[in-house]
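Colleague: Okay, so here is model-v1.cif, and as you'll see once you scroll down, it has mmCIF, C-alpha atoms.
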```cif
data_run
#
loop_
_atom_site.group_PDB
_atom_site.id
_atom_site.type_symbol
_atom_site.label_atom_id
_atom_site.label_comp_id
_atom_site.auth_asym_id
_atom_site.auth_seq_id
_atom_site.Cartn_x
_atom_site.Cartn_y
_atom_site.Cartn_z
ATOM 1 C CA LEU A 1 -14.603 26.332 -11.827
ATOM 2 C CA GLN A 2 -12.795 23.106 -12.491
ATOM 3 C CA ALA A 3 -14.362 19.642 -12.641
ATOM 4 C CA ALA A 4 -12.837 16.975 -10.433
ATOM 5 C CA ALA A 5 -11.060 14.708 -12.887
ATOM 6 C CA SER A 6 -10.360 12.090 -10.225
ATOM 7 C CA GLU A 7 -14.079 11.263 -10.011
ATOM 8 C CA THR A 8 -13.920 9.701 -13.469
ATOM 9 C CA ALA A 9 -11.003 7.397 -12.617
ATOM 10 C CA ALA A 10 -11.181 3.653 -13.190
ATOM 11 C CA PRO A 11 -13.491 1.902 -10.738
ATOM 12 C CA GLU A 12 -10.915 -0.530 -9.351
ATOM 13 C CA GLY A 13 -8.821 0.602 -6.386
ATOM 14 C CA PRO A 14 -8.570 4.080 -4.919
ATOM 15 C CA ARG A 15 -9.151 7.002 -7.295
ATOM 16 C CA GLU A 16 -5.676 8.338 -6.627
ATOM 17 C CA LEU A 17 -2.966 6.785 -4.496
ATOM 18 C CA PRO A 18 -1.515 9.005 -1.767
ATOM 19 C CA ASP A 19 2.065 10.289 -1.651
ATOM 20 C CA GLY A 20 2.897 9.173 -5.172
ATOM 21 C CA LEU A 21 2.615 5.465 -4.452
ATOM 22 C CA THR A 22 2.515 3.228 -7.490
ATOM 23 C CA ALA A 23 -0.205 0.619 -7.843
ATOM 24 C CA ARG A 24 2.354 -2.111 -7.113
ATOM 25 C CA GLU A 25 3.622 -0.342 -3.991
ATOM 26 C CA ALA A 26 0.044 -0.014 -2.756
ATOM 27 C CA GLU A 27 -0.538 -3.698 -3.492
ATOM 28 C CA VAL A 28 2.568 -4.652 -1.501
ATOM 29 C CA LEU A 29 1.497 -2.326 1.312
ATOM 30 C CA ALA A 30 -1.930 -3.975 1.471
ATOM 31 C CA LEU A 31 -0.264 -7.390 1.725
ATOM 32 C CA VAL A 32 2.027 -6.122 4.499
ATOM 33 C CA ALA A 33 -1.090 -4.869 6.291
ATOM 34 C CA ASP A 34 -2.585 -8.359 5.919
ATOM 35 C CA GLY A 35 0.389 -9.678 7.883
ATOM 36 C CA LEU A 36 2.284 -11.370 5.065
ATOM 37 C CA SER A 37 6.066 -11.748 5.209
ATOM 38 C CA ASN A 38 8.295 -10.551 2.395
ATOM 39 C CA ALA A 39 8.710 -14.164 1.234
ATOM 40 C CA GLU A 40 4.929 -14.724 1.213
ATOM 41 C CA ILE A 41 4.378 -11.491 -0.727
ATOM 42 C CA ALA A 42 7.093 -12.449 -3.217
ATOM 43 C CA GLY A 43 5.515 -15.859 -3.783
ATOM 44 C CA GLY A 44 2.043 -14.420 -4.250
ATOM 45 C CA LEU A 45 3.195 -11.766 -6.698
ATOM 46 C CA HIS A 46 5.682 -14.047 -8.494
ATOM 47 C CA VAL A 47 8.620 -11.718 -7.865
ATOM 48 C CA SER A 48 11.832 -12.050 -5.865
ATOM 49 C CA THR A 49 12.079 -11.107 -2.203
ATOM 50 C CA ALA A 50 14.597 -8.455 -3.296
ATOM 51 C CA THR A 51 11.890 -6.881 -5.465
ATOM 52 C CA VAL A 52 9.465 -6.893 -2.526
ATOM 53 C CA LYS A 53 12.113 -5.237 -0.333
ATOM 54 C CA THR A 54 12.633 -2.577 -2.998
ATOM 55 C CA HIS A 55 8.895 -1.841 -3.134
ATOM 56 C CA ILE A 56 8.752 -1.665 0.667
ATOM 57 C CA ASN A 57 11.766 0.646 0.867
ATOM 58 C CA ASN A 58 10.243 2.888 -1.812
ATOM 59 C CA LEU A 59 6.860 3.084 -0.099
ATOM 60 C CA PHE A 60 8.513 3.744 3.284
ATOM 61 C CA ALA A 61 10.419 6.658 1.725
ATOM 62 C CA LYS A 62 7.347 8.074 -0.016
ATOM 63 C CA THR A 63 5.040 7.804 2.988
ATOM 64 C CA GLY A 64 7.562 8.746 5.686
ATOM 65 C CA VAL A 65 6.950 5.618 7.768
ATOM 66 C CA ARG A 66 9.830 3.973 9.619
ATOM 67 C CA ASP A 67 8.667 0.394 10.050
ATOM 68 C CA ARG A 68 6.003 -2.162 9.133
ATOM 69 C CA ALA A 69 3.761 -1.191 12.049
ATOM 70 C CA GLN A 70 3.627 2.423 10.879
ATOM 71 C CA ALA A 71 3.100 1.205 7.318
ATOM 72 C CA VAL A 72 0.071 -0.834 8.416
ATOM 73 C CA ARG A 73 -1.392 2.184 10.206
ATOM 74 C CA TYR A 74 -0.780 4.288 7.083
ATOM 75 C CA ALA A 75 -2.516 1.666 4.922
ATOM 76 C CA TYR A 76 -5.576 1.681 7.204
ATOM 77 C CA ARG A 77 -5.765 5.485 7.408
ATOM 78 C CA HIS A 78 -5.539 5.902 3.638
ATOM 79 C CA GLY A 79 -7.952 3.132 2.686
ATOM 80 C CA ILE A 80 -5.295 0.916 1.100
ATOM 81 C CA ALA A 81 -6.194 -1.878 3.527
ATOM 82 C CA LYS A 82 -9.020 -2.421 5.980
ATOM 83 C CA PRO A 83 -8.440 -3.248 9.649
ATOM 84 C CA PRO A 84 -9.509 -6.832 10.473
ATOM 85 C CA GLU A 85 -12.573 -5.698 12.438
ATOM 86 C CA ALA A 86 -13.765 -3.724 9.416
ATOM 87 C CA ALA A 87 -12.962 -6.403 6.858
ATOM 88 C CA GLY A 88 -15.684 -8.889 7.643
ATOM 89 C CA GLY A 89 -16.669 -9.107 11.234
#
```
How would this structure read if it were set down as structure tokens?
Modeller:
Amino acid sequence: LQAAASETAAPEGPRELPDGLTAREAEVLALVADGLSNAEIAGGLHVSTATVKTHINNLFAKTGVRDRAQAVRYAYRHGIAKPPEAAGG
């Protein structure tokens, strides 16, 4: 029998990100799911829009999604972001 090591993970964020996403990719994905543009994400994270595009391309490749709409659905299904109706109303 093997103890579940993921249950002792740090309390912030998901215990383990799906599909090998990095914390930054998950953060960008959550902001995409919130409806932010690449420029808005770049400004909020203090990075270039090229960096945001790189993160988005990487997370698309890792998750197998083809566009932002599929990425948003992926974020909701994997608990990276909450749908608006679940977020506060």
Colleague: Tell me which of A:Glu85, A:Ala23, A:Leu29, A:Ala42 sits closest to Asn57 of chain A, counting all atoms listed in the file.
Modeller: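 For Asn57 of chain A, the nearest of the candidates is A:Leu29.
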Colleague: Between atom CA of Glu16 of chain A and atom CA of Ala39 of chain A, what is the spacing in Å?
Modeller: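 Distance reported for this atom pair: 27.8 Å.
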Colleague: May I have the protein, DNA and RNA residues with an atom at most 12 Å from (3.9, -5.5, -8.4), counting all atoms listed in the file in the file's coordinates, returned as a list of chain:residue names?
Modeller: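 Those residues lying close to the given coordinates are A:Leu21, A:Thr22, A:Ala23, A:Arg24, A:Glu25, A:Ala26, A:Glu27, A:Val28, A:Leu29, A:Ala30, A:Leu31, A:Ile41, A:Ala42, A:Gly43, A:Gly44, A:Leu45, A:His46, A:Val47, A:Ser48, A:Thr49, A:Thr51, A:Val52, A:Lys53, A:Thr54, A:His55, A:Ile56.
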Colleague: Could you give me, as a ChimeraX atom specification, the residues within 9 Å of Gly20 of chain A, counting all atoms listed in the file and dropping anything in the same chain fewer than 3 positions from it?
Modeller: /A:16-17,59,62-63
Colleague: Counting all atoms listed in the file, what is within 7 Å of segment 66-73 of chain A, bar same-chain residues fewer than 4 positions away, as a short mmCIF file (atom, residue, chain, number, x, y, z; two decimals) with C-alpha atoms, in the frame of the given file?
Modeller:
```
data_model
loop_
_atom_site.label_atom_id
_atom_site.label_comp_id
_atom_site.auth_asym_id
_atom_site.auth_seq_id
_atom_site.Cartn_x
_atom_site.Cartn_y
_atom_site.Cartn_z
CA VAL A 32 2.03 -6.12 4.50
CA ALA A 33 -1.09 -4.87 6.29
CA PHE A 60 8.51 3.74 3.28
CA ARG A 77 -5.76 5.48 7.41
#
```
Colleague: Kindly give the distance, in Å, that separates atom CA of Ala50 of chain A and atom CA of Pro18 of chain A, rounded to a single decimal.
Modeller: 23.8 Å
Colleague: Because the input lacks atoms here, generate N, CA and C atoms for segment 21-54 of chain A and report them as an mmCIF file, keeping the file's coordinate frame.
Modeller:
```cif
data_model
loop_
_atom_site.group_PDB
_atom_site.id
_atom_site.type_symbol
_atom_site.label_atom_id
_atom_site.label_comp_id
_atom_site.auth_asym_id
_atom_site.auth_seq_id
_atom_site.Cartn_x
_atom_site.Cartn_y
_atom_site.Cartn_z
ATOM 1 N N LEU A 21 2.440 6.916 -4.418
ATOM 2 C CA LEU A 21 2.615 5.465 -4.452
ATOM 3 C C LEU A 21 2.194 4.915 -5.809
ATOM 4 N N THR A 22 2.927 3.923 -6.279
ATOM 5 C CA THR A 22 2.515 3.228 -7.490
ATOM 6 C C THR A 22 1.475 2.172 -7.109
ATOM 7 N N ALA A 23 0.781 1.668 -8.104
ATOM 8 C CA ALA A 23 -0.205 0.619 -7.843
ATOM 9 C C ALA A 23 0.458 -0.600 -7.209
ATOM 10 N N ARG A 24 1.656 -0.948 -7.659
ATOM 11 C CA ARG A 24 2.354 -2.111 -7.113
ATOM 12 C C ARG A 24 2.780 -1.868 -5.672
ATOM 13 N N GLU A 25 3.258 -0.664 -5.367
ATOM 14 C CA GLU A 25 3.622 -0.342 -3.991
ATOM 15 C C GLU A 25 2.408 -0.419 -3.075
ATOM 16 N N ALA A 26 1.273 0.064 -3.547
ATOM 17 C CA ALA A 26 0.044 -0.014 -2.756
ATOM 18 C C ALA A 26 -0.379 -1.470 -2.560
ATOM 19 N N GLU A 27 -0.202 -2.277 -3.597
ATOM 20 C CA GLU A 27 -0.538 -3.698 -3.492
ATOM 21 C C GLU A 27 0.351 -4.380 -2.449
ATOM 22 N N VAL A 28 1.641 -4.095 -2.488
ATOM 23 C CA VAL A 28 2.568 -4.652 -1.501
ATOM 24 C C VAL A 28 2.203 -4.158 -0.110
ATOM 25 N N LEU A 29 1.887 -2.889 0.022
ATOM 26 C CA LEU A 29 1.497 -2.326 1.312
ATOM 27 C C LEU A 29 0.257 -3.021 1.862
ATOM 28 N N ALA A 30 -0.719 -3.276 1.021
ATOM 29 C CA ALA A 30 -1.930 -3.975 1.471
ATOM 30 C C ALA A 30 -1.590 -5.375 1.967
ATOM 31 N N LEU A 31 -0.658 -6.041 1.299
ATOM 32 C CA LEU A 31 -0.264 -7.390 1.725
ATOM 33 C C LEU A 31 0.523 -7.344 3.034
ATOM 34 N N VAL A 32 1.344 -6.318 3.220
ATOM 35 C CA VAL A 32 2.027 -6.122 4.499
ATOM 36 C C VAL A 32 0.983 -5.938 5.598
ATOM 37 N N ALA A 33 -0.032 -5.121 5.317
ATOM 38 C CA ALA A 33 -1.090 -4.869 6.291
ATOM 39 C C ALA A 33 -1.879 -6.133 6.616
ATOM 40 N N ASP A 34 -1.922 -7.068 5.673
ATOM 41 C CA ASP A 34 -2.585 -8.359 5.919
ATOM 42 C C ASP A 34 -1.710 -9.306 6.727
ATOM 43 N N GLY A 35 -0.487 -8.883 7.040
ATOM 44 C CA GLY A 35 0.389 -9.678 7.883
ATOM 45 C C GLY A 35 1.315 -10.626 7.150
ATOM 46 N N LEU A 36 1.426 -10.478 5.833
ATOM 47 C CA LEU A 36 2.284 -11.370 5.065
ATOM 48 C C LEU A 36 3.757 -10.975 5.210
ATOM 49 N N SER A 37 4.623 -11.981 5.191
ATOM 50 C CA SER A 37 6.066 -11.748 5.209
ATOM 51 C C SER A 37 6.525 -11.369 3.805
ATOM 52 N N ASN A 38 7.749 -10.884 3.713
ATOM 53 C CA ASN A 38 8.295 -10.551 2.395
ATOM 54 C C ASN A 38 8.301 -11.781 1.491
ATOM 55 N N ALA A 39 8.670 -12.932 2.034
ATOM 56 C CA ALA A 39 8.710 -14.164 1.234
ATOM 57 C C ALA A 39 7.319 -14.551 0.757
ATOM 58 N N GLU A 40 6.308 -14.408 1.608
ATOM 59 C CA GLU A 40 4.929 -14.724 1.213
ATOM 60 C C GLU A 40 4.440 -13.764 0.137
ATOM 61 N N ILE A 41 4.764 -12.480 0.280
ATOM 62 C CA ILE A 41 4.378 -11.491 -0.727
ATOM 63 C C ILE A 41 5.051 -11.816 -2.055
ATOM 64 N N ALA A 42 6.343 -12.119 -2.003
ATOM 65 C CA ALA A 42 7.093 -12.449 -3.217
ATOM 66 C C ALA A 42 6.473 -13.644 -3.927
ATOM 67 N N GLY A 43 6.128 -14.674 -3.182
ATOM 68 C CA GLY A 43 5.515 -15.859 -3.783
ATOM 69 C C GLY A 43 4.176 -15.552 -4.414
ATOM 70 N N GLY A 44 3.364 -14.758 -3.729
ATOM 71 C CA GLY A 44 2.043 -14.420 -4.250
ATOM 72 C C GLY A 44 2.084 -13.546 -5.483
ATOM 73 N N LEU A 45 3.084 -12.683 -5.563
ATOM 74 C CA LEU A 45 3.195 -11.766 -6.698
ATOM 75 C C LEU A 45 4.134 -12.286 -7.781
ATOM 76 N N HIS A 46 4.748 -13.437 -7.533
ATOM 77 C CA HIS A 46 5.682 -14.047 -8.494
ATOM 78 C C HIS A 46 6.855 -13.132 -8.807
ATOM 79 N N VAL A 47 7.417 -12.543 -7.746
ATOM 80 C CA VAL A 47 8.620 -11.718 -7.865
ATOM 81 C C VAL A 47 9.613 -12.193 -6.810
ATOM 82 N N SER A 48 10.827 -11.666 -6.856
ATOM 83 C CA SER A 48 11.832 -12.050 -5.865
ATOM 84 C C SER A 48 11.606 -11.288 -4.556
ATOM 85 N N THR A 49 12.174 -11.825 -3.470
ATOM 86 C CA THR A 49 12.079 -11.107 -2.203
ATOM 87 C C THR A 49 12.832 -9.778 -2.286
ATOM 88 N N ALA A 50 13.879 -9.719 -3.109
ATOM 89 C CA ALA A 50 14.597 -8.455 -3.296
ATOM 90 C C ALA A 50 13.685 -7.400 -3.914
ATOM 91 N N THR A 51 12.844 -7.812 -4.851
ATOM 92 C CA THR A 51 11.890 -6.881 -5.465
ATOM 93 C C THR A 51 10.887 -6.386 -4.433
ATOM 94 N N VAL A 52 10.397 -7.284 -3.590
ATOM 95 C CA VAL A 52 9.465 -6.893 -2.526
ATOM 96 C C VAL A 52 10.142 -5.888 -1.598
ATOM 97 N N LYS A 53 11.384 -6.154 -1.213
ATOM 98 C CA LYS A 53 12.113 -5.237 -0.333
ATOM 99 C C LYS A 53 12.272 -3.870 -0.985
ATOM 100 N N THR A 54 12.521 -3.852 -2.276
ATOM 101 C CA THR A 54 12.633 -2.577 -2.998
ATOM 102 C C THR A 54 11.320 -1.810 -2.945
#
```
